[in-house]
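Visitor: So that we are looking at the same thing, I have put the structure below in structure tokens.
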There are 2 protein chains.
Amino acid sequence: MALLETSKYSPGSVLGSVNPDLASERQTASFCVEKLTALLDGGAEQTRIRRAVVEAIESDPVFSRENQYFQTQNERYEAAVRKAVHLQKKMHEMGWTENGPEYKYIYRALSGDVAFLLHRVFMRSISVLGSDKQIAKWIPLATRHQLIGSYAQTELGHGTYLQGLETTAVFDIAAQEFILNTPKISAMKWWPGDMGRSATHTVVFAQLYIHGKCHGIHPFIVQIRSLQDHSLCPGVTAGDIGPKMNFEHIDNGYLMLKNVRIPRDNMLSKFCEVRPDGTYVRQGSQKINYFTMTTVRISLISDEVLTPLMKACTIAIRYSAVRRQSKLKPGEQEAKILDYQTQQEKLLPQLAAAYAFHFINDYLQELFNRGYREIQRKNFDMLPELHALSSGFKAVITHHCTAAVEICLRACGGHGYSLLSGIPSLYTKILASCIYEGENTILLLQTARFLIKCFMAASAGHPVPPSVTYLAAVKPGKCPAKNKLDFLRPDIYTEAYQHVAVRLISSTAAKLQDLIQSGVKKYDAWNQCTVQLVQAAKAHCHYITVKNFAETVEKLETKAGIQRIMKHLCDLFALHGIFSNTGAFLHDGYISASQMDTVTASYLDLLAVIRKDAVPLVDAFDFTDKSLNSALGSYDGQVYQRLYEWAQKSPTNKDKRTELLENETPPVLTDKQ
Amino acid sequence: MALLETSKYSPGSVLGSVNPDLASERQTASFCVEKLTALLDGGAEQTRIRRAVVEAIESDPVFSRENQYFQTQNERYEAAVRKAVHLQKKMHEMGWTENGPEYKYIYRALSGDVAFLLHRVFMRSISVLGSDKQIAKWIPLATRHQLIGSYAQTELGHGTYLQGLETTAVFDIAAQEFILNTPKISAMKWWPGDMGRSATHTVVFAQLYIHGKCHGIHPFIVQIRSLQDHSLCPGVTAGDIGPKMNFEHIDNGYLMLKNVRIPRDNMLSKFCEVRPDGTYVRQGSQKINYFTMTTVRISLISDEVLTPLMKACTIAIRYSAVRRQSKLKPGEQEAKILDYQTQQEKLLPQLAAAYAFHFINDYLQELFNRGYREIQRKNFDMLPELHALSSGFKAVITHHCTAAVEICLRACGGHGYSLLSGIPSLYTKILASCIYEGENTILLLQTARFLIKCFMAASAGHPVPPSVTYLAAVKPGKCPAKNKLDFLRPDIYTEAYQHVAVRLISSTAAKLQDLIQSGVKKYDAWNQCTVQLVQAAKAHCHYITVKNFAETVEKLETKAGIQRIMKHLCDLFALHGIFSNTGAFLHDGYISASQMDTVTASYLDLLAVIRKDAVPLVDAFDFTDKSLNSALGSYDGQVYQRLYEWAQKSPTNKDKRTELLENETPPVLTDKQ
């Protein structure tokens, strides 16, 4: 990692051949980049561990992503399998374990470009849903990779609505087996990762039938490929679902089952069991399982959403400090595009959002750890709030970050559109996060349902969970800000966000009530309010994000330099949100038109302030050139050289020369005519 | 084209195996689809010609795009070259000419998936910039495809700012030649289509030097590859710039020149000539050339922007009528996702936008035709307005449609993310339109400059061009709407849009003035206003779009059925714009909070109204299944079958079985364990 020789950067690093336009940005950093990196990592020791993992992974040629943009889907898949197998060796060699401190950095260091990720989901679902006996049988086999697991839930015609799944598992008492079937085409399992080509086993979710009675969806372990020759098992049809916008390295698959028989023991039976005589028995509480589903939504935020946004910001901001285009002042040389207000207005709010979401992610992680401890003590009180927060924040953060990565891409102009910039693949990958693990609109409506319920409870004087107590204290009032400086006060803008959230939740609750009272059926009334319910859920999450950012900044009092720049970012995040949603704040006059003009002025001023530290702020994310894999975002800013070097990996038609052209259009001009 | 047997659809067509959920949508169409298609085409005769072209192209296997999603970049390129060559034969065979009525439908029918498009730009630039002698020499050669042309303007380090181009052309009097050079890496030509592998010649833009004096940018015809063996000419380095988000079929290229000598005659010399003695002579007016650049921006709207949006709407809306998910009413079967308000709110405004932009495109085409006639009469008065309109609308329409296609993609959930849905490639292609032919932010600032100038002129009582006369009539006032119905009055909402445009333009003009009067340098003041100037330019274009849509609807009085549904779409487009930008209308109280609640109610009501005709409204775009190339958007709605059939083109590892897996992880489980 070539870092700059200045006290603001880590010691011992060298400037090397850094583009002078980029070097000058670093020389004027207002804060210590290394300290900010440690803050983001959760301590200097974490930074050290992370860097050691990155170093070990990136120095190993098997994990190289250098040629990735030129590879076919098949090459990507084969490389990912190779990496997955090699990773097991590497972990052994390095002494890394799944419970060790290094583990969380491995996936990040690989940029997720590895196969068999569903194998872990397969194992987790057995651990959570399986009986002790099942765990004892399958987990050691899976751990030793003597089988390759997948997880088959979604069907061609069924995603969100699990009760609608059509795959059936009929219990055959005589044979003590389940018979699995895909009754029609829409029942085909579709999407499961690692299933198209790799998996030998999978957990299939199917409607359980005993004596002709349906007991709903249950999980079954099904072998789909031979362990001898990897051919499909009898009755199994499976393959790859075809190309996607990204994830070329994953063999997302389809699966059809025709009278596939599995032993009775293969139904995962921690919570439900089918006895030999066909008796169906429910046992234990499924609530912990339900909790697992919500934690997945939170756990994906860091790796799948924040990291891509931080990478996109790093690439776009470094490029904007190096790219010069047009003249800002007559007679001078062409200006860095980062000096144009419009460019700042594109990129800096995304940078602020990356920090805002990093801190809200910390907050959510902590909350979920607490929730987990409570649940282990059989206290399930926090579950509804955790479910609402995980749903809402998954939706809001994935949506916001996806849009942000696209803005970064466009802000790099034509070069951003080249795969070599690294941003297109960040975009096409992060986009999927808006859809998987719960489609965003559906999730926001789940949050909204919780908010409406809490609002009603709070209005009736009943106690509500901590994150929504603000709904009880509805104050009409007006924003007290008198000038630009007032809008840099966290209490002022946090209050404004709170006001909007309360207003949207309460007015939608009122609309819902009115419709029902006027005789509209409850489900119709709900549907007629969903556009506004989504807005309300977003406003709630936005408010909590701003509030949490402000509180985080406050706690940085011992780190003056960092606190100052974080305060600017927090202000920018908050004011950008108001500037981009003026209507929400103007609607009931909470913020007046002239106050809104002040917000705009304050917001635009902040852009120029943060612009000065923009490069150090992305340097603090501490991505290596290899992890960015970008011709635009390298630490040294040698953009044009890299683009040219990389472009030369492209196919040429040297071998066949004019074959294609000549056959059809014989040239008659002589050379140099 | 399998069309439905109902009087609302074209006669003689059959229902076939249309998905019943889709068929039911068509049975209740409130208007005649065939008549709307004719309206969109500009007459039934145009529809007939278009369908004949589509039929001829789509029945020819060389033009097939069926395997496209599974092809590598190289395969895509080679197919595009094959198609380009075949197209020449086809045109000859069919009797189609470049000036015939069929021509404009060919590109659409090919979905742009053809090589040598830059060959036409090469020819056009010679026709426009070349002397009669040069035209006589080069155009026949190009027409007979005895050379393959490209157009090399953009450089690795230079896009927008043409004066900054670094390639040099030094005149050598002794040899009567120009010596072309790429003085540094940033001067390398970068992006030109057809240049990476195909072109033999290109028009290079370079700084002209005579006797050491720079005369600025001029165009030169340069041969880059041998006509004998297609090898690169001496001094030329060229190749493909590497993978992009889309356009895999195009060999966008780079070009470096090292002391490449070309005859004096190769400088295109209609406007500027270098005499044998080195005398530099300017001649004629370049204004017509300048006009050509602005018309390109308008001409791309139809093929590159509207067609993709219409396709995306067709796919997403048909799919939403077929896909059932979750229950809207307890006890009923799962609901069509199109029946959810949130889904309607995603898709129907995009459908309305497709119509709105179709009509504004008609308006712009007409205006430019008029402009062209004036310019031929040496009347250049319309140029500034045409430039402002072409810049602003190119930016606004490409931006809006790109966002709309992304919404369509996400609205299809996981299946939208599959390349087989057809939407990802529409998205990755349309995204480029925000960047090429003028980056959108730059273009909007050009429009803003015109608007500020006109606003100043209008304020001083001077005459201004027709599209901005409204700036002279600034009325403060309030919106007179009293109820929901009032907001369905085009005069009411058009006036509201006009009010916002005037307010944003005038307030930004005032800010600019204030800054300059307070001593800020003019260029600094401009930069400090650019975020708001962009907003003002967008508001202007939005206003004109709404106004034009309303006027178009008014003119449909003889077509009652169509007029009714178009009126609904116009209302929806207008109210969606207000609903999505409430702040702009609330800011000065032009629309009050309670009026805004009425707008919201009116807007949400409209969704349910238009939803009933949603499928017929996309059917009217009249895309064949082949042109959509989508597993989700087929006319018959057999979504799941198509996805499954297509998926089976994917690679499998049947051939090598467990090779990859077995080497590293020997299985020990026996089958059926």
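Naming scheme: A, B, ... for chains in displayed order of the structure tokens; residues 1 onward per chain; ligands 1 onward as shown.
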Find the spatial neighbours of Cys454 (chain B), counting only C-alpha atoms, within a cut-off of 12 Å - ignore same-chain residues fewer than 6 positions away - and output them as a PDB file with C-alpha atoms, in the first residue's frame.

Guide:
```pdb
ATOM      1  CA  PRO B 384     -29.690  29.667 -30.188  1.00  0.00           C
ATOM      2  CA  GLU B 385     -33.174  28.410 -29.316  1.00  0.00           C
ATOM      3  CA  ALA B 388     -30.897  25.272 -26.058  1.00  0.00           C
ATOM      4  CA  THR B 447     -29.729  25.456 -21.756  1.00  0.00           C
ATOM      5  CA  ALA B 448     -29.548  27.398 -18.509  1.00  0.00           C
ATOM      6  CA  ALA B 460     -35.723  44.436 -20.119  1.00  0.00           C
ATOM      7  CA  GLY B 461     -38.621  44.256 -22.566  1.00  0.00           C
ATOM      8  CA  HIS B 462     -36.608  42.837 -25.445  1.00  0.00           C
ATOM      9  CA  PRO B 463     -38.093  40.173 -27.734  1.00  0.00           C
ATOM     10  CA  VAL B 464     -37.195  36.550 -27.014  1.00  0.00           C
ATOM     11  CA  PRO B 465     -37.619  33.281 -28.962  1.00  0.00           C
ATOM     12  CA  PRO B 466     -41.079  31.645 -28.947  1.00  0.00           C
ATOM     13  CA  SER B 467     -40.334  28.826 -26.463  1.00  0.00           C
ATOM     14  CA  VAL B 468     -39.342  31.317 -23.764  1.00  0.00           C
ATOM     15  CA  THR B 469     -41.851  34.138 -24.220  1.00  0.00           C
ATOM     16  CA  TYR B 470     -43.500  32.919 -21.033  1.00  0.00           C
ATOM     17  CA  LEU B 471     -40.539  34.351 -19.132  1.00  0.00           C
ATOM     18  CA  ALA B 472     -41.783  37.835 -19.980  1.00  0.00           C
ATOM     19  CA  VAL B 502     -40.212  31.085 -14.078  1.00  0.00           C
ATOM     20  CA  ILE B 505     -35.036  30.815 -13.594  1.00  0.00           C
ATOM     21  CA  SER B 506     -35.700  34.231 -12.086  1.00  0.00           C
ATOM     22  CA  ALA B 509     -30.757  34.911 -12.253  1.00  0.00           C
TER      23      ALA B 509
END
```

Visitor: Can you tell me, as a ChimeraX atom specification, what residues are no more than 7 Å from region 441-443 of chain A when counting only C-alpha atoms, ignoring any on the same chain fewer than 4 positions away?

Guide: /A:391-392,395,447

Visitor: Kindly export the residues of the current selection with C-alpha atoms, as a short mmCIF file (atom, residue, chain, number, x, y, z; two decimals), in the first residue's frame.

Guide:
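Result saved to selection38.cif:
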```cif
data_model
loop_
_atom_site.label_atom_id
_atom_site.label_comp_id
_atom_site.auth_asym_id
_atom_site.auth_seq_id
_atom_site.Cartn_x
_atom_site.Cartn_y
_atom_site.Cartn_z
CA SER A 391 -36.60 -4.58 6.92
CA GLY A 392 -36.66 -0.79 6.67
CA ALA A 395 -34.55 -1.38 1.90
CA THR A 447 -41.80 -1.49 8.51
#
```

Visitor: I'd like the contact shell of Glu78 (chain B) - 12 Å cut-off, only C-alpha atoms, skipping same-chain residues fewer than 3 positions apart - returned as a PyMOL selection string.

Guide: (chain A and resi 651-653+656+658-661) or (chain B and resi 62+68+71-75+81-85+113-116+194+197-198+248-251)

Visitor: Next, write the just-selected residues to a file, as a tab-separated table (two decimals), in the first residue's frame, keeping N, CA, C and O atoms as the atom set.

Guide:
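This went into out.tsv:
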```tsv
chain	number	residue	atom	x	y	z
A	651	PRO	N	-9.67	-8.58	-27.28
A	651	PRO	CA	-9.46	-9.37	-28.49
A	651	PRO	C	-9.13	-8.48	-29.68
A	651	PRO	O	-9.57	-7.33	-29.75
A	652	THR	N	-8.33	-9.00	-30.58
A	652	THR	CA	-8.04	-8.28	-31.83
A	652	THR	C	-8.42	-9.24	-32.94
A	652	THR	O	-8.74	-10.39	-32.70
A	653	ASN	N	-8.37	-8.77	-34.17
A	653	ASN	CA	-8.58	-9.74	-35.25
A	653	ASN	C	-7.31	-9.97	-36.05
A	653	ASN	O	-7.34	-10.26	-37.23
A	656	LYS	N	-7.12	-13.56	-37.73
A	656	LYS	CA	-7.83	-13.84	-38.97
A	656	LYS	C	-7.85	-12.64	-39.90
A	656	LYS	O	-8.48	-12.66	-40.94
A	658	THR	N	-8.50	-9.89	-42.10
A	658	THR	CA	-9.71	-9.33	-42.69
A	658	THR	C	-10.78	-10.36	-42.98
A	658	THR	O	-11.79	-10.03	-43.58
A	659	GLU	N	-10.53	-11.59	-42.59
A	659	GLU	CA	-11.47	-12.68	-42.91
A	659	GLU	C	-12.91	-12.21	-43.01
A	659	GLU	O	-13.55	-12.27	-44.07
A	660	LEU	N	-13.41	-11.69	-41.89
A	660	LEU	CA	-14.80	-11.27	-41.84
A	660	LEU	C	-15.13	-10.19	-42.87
A	660	LEU	O	-16.18	-10.20	-43.49
A	661	LEU	N	-14.21	-9.24	-42.95
A	661	LEU	CA	-14.49	-8.08	-43.78
A	661	LEU	C	-14.24	-8.37	-45.25
A	661	LEU	O	-15.02	-7.99	-46.12
B	62	VAL	N	-29.89	-14.27	-40.33
B	62	VAL	CA	-28.63	-13.56	-40.08
B	62	VAL	C	-28.83	-12.45	-39.04
B	62	VAL	O	-27.92	-12.12	-38.28
B	68	GLN	N	-28.13	-13.83	-28.21
B	68	GLN	CA	-27.34	-12.68	-27.80
B	68	GLN	C	-26.88	-12.69	-26.35
B	68	GLN	O	-25.74	-12.38	-26.05
B	71	GLN	N	-23.76	-14.76	-25.70
B	71	GLN	CA	-22.56	-14.61	-26.51
B	71	GLN	C	-21.46	-13.84	-25.80
B	71	GLN	O	-21.73	-12.97	-24.97
B	72	THR	N	-20.22	-14.13	-26.16
B	72	THR	CA	-19.08	-13.37	-25.65
B	72	THR	C	-18.97	-12.06	-26.43
B	72	THR	O	-19.60	-11.89	-27.48
B	73	GLN	N	-18.12	-11.17	-25.92
B	73	GLN	CA	-17.93	-9.89	-26.60
B	73	GLN	C	-17.50	-10.13	-28.05
B	73	GLN	O	-18.01	-9.52	-28.98
B	74	ASN	N	-16.57	-11.05	-28.22
B	74	ASN	CA	-16.03	-11.32	-29.55
B	74	ASN	C	-17.11	-11.86	-30.49
B	74	ASN	O	-17.21	-11.46	-31.64
B	75	GLU	N	-17.94	-12.74	-29.97
B	75	GLU	CA	-19.02	-13.28	-30.79
B	75	GLU	C	-20.02	-12.18	-31.17
B	75	GLU	O	-20.52	-12.14	-32.29
B	81	VAL	N	-20.69	-7.44	-37.37
B	81	VAL	CA	-20.04	-7.20	-38.66
B	81	VAL	C	-20.78	-7.97	-39.75
B	81	VAL	O	-21.08	-7.44	-40.82
B	82	ARG	N	-21.08	-9.23	-39.43
B	82	ARG	CA	-21.80	-10.06	-40.39
B	82	ARG	C	-23.14	-9.41	-40.76
B	82	ARG	O	-23.54	-9.35	-41.92
B	83	LYS	N	-23.84	-8.89	-39.76
B	83	LYS	CA	-25.13	-8.25	-40.01
B	83	LYS	C	-24.98	-6.99	-40.87
B	83	LYS	O	-25.79	-6.73	-41.74
B	84	ALA	N	-23.92	-6.22	-40.59
B	84	ALA	CA	-23.72	-4.98	-41.34
B	84	ALA	C	-23.51	-5.27	-42.81
B	84	ALA	O	-24.07	-4.60	-43.69
B	85	VAL	N	-22.71	-6.28	-43.08
B	85	VAL	CA	-22.43	-6.63	-44.47
B	85	VAL	C	-23.69	-7.18	-45.14
B	85	VAL	O	-24.04	-6.81	-46.26
B	113	ASP	N	-28.28	-3.45	-33.31
B	113	ASP	CA	-27.25	-4.47	-33.11
B	113	ASP	C	-26.52	-4.76	-34.41
B	113	ASP	O	-26.61	-5.85	-34.97
B	114	VAL	N	-25.77	-3.78	-34.88
B	114	VAL	CA	-25.12	-3.89	-36.18
B	114	VAL	C	-23.83	-3.05	-36.15
B	114	VAL	O	-23.74	-2.09	-35.39
B	115	ALA	N	-22.85	-3.45	-36.91
B	115	ALA	CA	-21.57	-2.74	-36.92
B	115	ALA	C	-21.56	-1.64	-38.00
B	115	ALA	O	-22.52	-1.47	-38.74
B	116	PHE	N	-20.47	-0.92	-38.04
B	116	PHE	CA	-20.21	0.11	-39.07
B	116	PHE	C	-21.18	1.28	-39.01
B	116	PHE	O	-21.43	1.93	-40.02
B	194	ASP	N	-16.16	1.38	-34.12
B	194	ASP	CA	-15.66	0.71	-35.33
B	194	ASP	C	-14.16	0.89	-35.53
B	194	ASP	O	-13.63	0.48	-36.55
B	197	ARG	N	-11.13	-2.47	-34.31
B	197	ARG	CA	-10.76	-3.62	-35.14
B	197	ARG	C	-11.15	-3.45	-36.61
B	197	ARG	O	-10.55	-4.09	-37.47
B	198	SER	N	-12.17	-2.63	-36.88
B	198	SER	CA	-12.75	-2.64	-38.23
B	198	SER	C	-12.22	-1.58	-39.20
B	198	SER	O	-11.93	-1.89	-40.35
B	248	GLU	N	-21.23	-4.44	-26.59
B	248	GLU	CA	-20.21	-5.47	-26.80
B	248	GLU	C	-20.00	-5.68	-28.30
B	248	GLU	O	-18.94	-6.16	-28.71
B	249	HIS	N	-21.02	-5.34	-29.09
B	249	HIS	CA	-20.92	-5.60	-30.53
B	249	HIS	C	-20.10	-4.53	-31.25
B	249	HIS	O	-19.79	-4.69	-32.42
B	250	ILE	N	-19.76	-3.47	-30.55
B	250	ILE	CA	-19.00	-2.39	-31.19
B	250	ILE	C	-17.55	-2.41	-30.71
B	250	ILE	O	-17.29	-2.51	-29.52
B	251	ASP	N	-16.63	-2.29	-31.65
B	251	ASP	CA	-15.21	-2.24	-31.31
B	251	ASP	C	-14.76	-0.79	-31.10
B	251	ASP	O	-14.00	-0.24	-31.87
```

Visitor: Could you pull out the helix (DSSP H, G or I) residues of region 29-237 of chain B, going by DSSP on the backbone, and write them as a PyMOL selection string?

Guide: chain B and resi 33-41+44-58+61-63+68-70+73-94+103-109+117-129+132-143+162-164+185-187

Visitor: Within 7 Å of Lys189 (chain A), counting only C-alpha atoms, which residues qualify if same-chain residues fewer than 4 places away don't, as a ChimeraX atom specification?

Guide: /A:152-156,254-256

Visitor: For CA of Gly193 (chain B) and CA of Tyr151 (chain B), quote the distance in Å rounded to one decimal.

Guide: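 It comes out at 7.6 Å.
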
Visitor: Hey, what's within 7 Å of Val53 (chain A) if we count only C-alpha atoms and toss same-chain stuff fewer than 4 positions away? As a PDB file with N, CA and C atoms, in the first residue's frame, please?

Guide:
```pdb
ATOM      1  N   ILE A  49      -5.277  -6.321  11.641  1.00  0.00           N
ATOM      2  CA  ILE A  49      -5.730  -7.671  11.259  1.00  0.00           C
ATOM      3  C   ILE A  49      -6.278  -7.660   9.830  1.00  0.00           C
ATOM      4  N   ILE A  57      -4.301 -12.441   1.014  1.00  0.00           N
ATOM      5  CA  ILE A  57      -5.188 -12.806  -0.098  1.00  0.00           C
ATOM      6  C   ILE A  57      -4.668 -12.205  -1.407  1.00  0.00           C
ATOM      7  N   GLU A 102     -10.149 -12.822  11.848  1.00  0.00           N
ATOM      8  CA  GLU A 102      -9.839 -12.536  10.441  1.00  0.00           C
ATOM      9  C   GLU A 102     -11.015 -12.824   9.527  1.00  0.00           C
ATOM     10  N   TYR A 105     -12.957 -10.408   7.346  1.00  0.00           N
ATOM     11  CA  TYR A 105     -12.233  -9.635   6.336  1.00  0.00           C
ATOM     12  C   TYR A 105     -11.955 -10.445   5.068  1.00  0.00           C
ATOM     13  N   ILE A 106     -12.108 -11.748   5.173  1.00  0.00           N
ATOM     14  CA  ILE A 106     -11.759 -12.593   4.025  1.00  0.00           C
ATOM     15  C   ILE A 106     -12.691 -12.332   2.835  1.00  0.00           C
TER      16      ILE A 106
END
```

Visitor: Do you know which residues are at most 12 Å from Gln648 (chain B) counting only C-alpha atoms, after dropping those on the same chain fewer than 5 positions away, and could you put them as a ChimeraX atom specification?

Guide: /A:196,237-243,253-255 /B:67,70,420,641-643

Visitor: Can I get the selection written as a CSV table (one decimal), in the first residue's frame, with N, CA and C atoms?

Guide:
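Listed below is the output, out29.csv:
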```
chain,number,residue,atom,x,y,z
A,196,GLY,N,-26.8,-24.6,-10.0
A,196,GLY,CA,-26.8,-24.9,-11.5
A,196,GLY,C,-25.8,-25.9,-11.9
A,237,THR,N,-33.9,-32.9,-12.5
A,237,THR,CA,-33.5,-32.1,-13.7
A,237,THR,C,-33.0,-30.8,-13.1
A,238,ALA,N,-31.7,-30.4,-13.4
A,238,ALA,CA,-31.2,-29.2,-12.9
A,238,ALA,C,-30.2,-28.5,-13.9
A,239,GLY,N,-30.0,-27.3,-13.7
A,239,GLY,CA,-29.1,-26.6,-14.6
A,239,GLY,C,-29.0,-25.1,-14.2
A,240,ASP,N,-28.2,-24.4,-15.0
A,240,ASP,CA,-28.0,-22.9,-14.8
A,240,ASP,C,-29.2,-22.1,-15.3
A,241,ILE,N,-29.6,-21.1,-14.6
A,241,ILE,CA,-30.7,-20.3,-15.1
A,241,ILE,C,-30.3,-19.3,-16.1
A,242,GLY,N,-29.1,-19.2,-16.5
A,242,GLY,CA,-28.7,-18.3,-17.5
A,242,GLY,C,-28.1,-17.0,-17.0
A,243,PRO,N,-27.6,-16.2,-18.0
A,243,PRO,CA,-26.9,-15.0,-17.6
A,243,PRO,C,-27.7,-13.9,-16.8
A,253,GLY,N,-29.2,-21.7,-10.1
A,253,GLY,CA,-29.7,-22.8,-10.8
A,253,GLY,C,-31.2,-23.0,-10.7
A,254,TYR,N,-31.7,-24.0,-11.6
A,254,TYR,CA,-33.0,-24.4,-11.5
A,254,TYR,C,-33.1,-25.9,-11.1
A,255,LEU,N,-34.2,-26.3,-10.6
A,255,LEU,CA,-34.3,-27.7,-10.1
A,255,LEU,C,-35.7,-28.2,-10.2
B,67,ASN,N,-29.6,-15.6,-29.5
B,67,ASN,CA,-28.6,-16.1,-28.6
B,67,ASN,C,-27.7,-15.1,-28.0
B,70,PHE,N,-26.1,-15.0,-24.5
B,70,PHE,CA,-25.2,-16.0,-24.1
B,70,PHE,C,-23.9,-15.8,-24.9
B,420,LEU,N,-32.2,-12.5,-19.4
B,420,LEU,CA,-33.3,-13.1,-20.3
B,420,LEU,C,-34.6,-12.3,-20.2
B,641,GLN,N,-42.4,-20.7,-19.2
B,641,GLN,CA,-41.9,-21.6,-20.2
B,641,GLN,C,-40.7,-21.0,-20.9
B,642,ARG,N,-40.8,-19.7,-21.3
B,642,ARG,CA,-39.7,-19.1,-22.0
B,642,ARG,C,-38.4,-19.0,-21.2
B,643,LEU,N,-38.6,-18.7,-19.9
B,643,LEU,CA,-37.4,-18.6,-19.1
B,643,LEU,C,-36.7,-19.9,-19.0
```
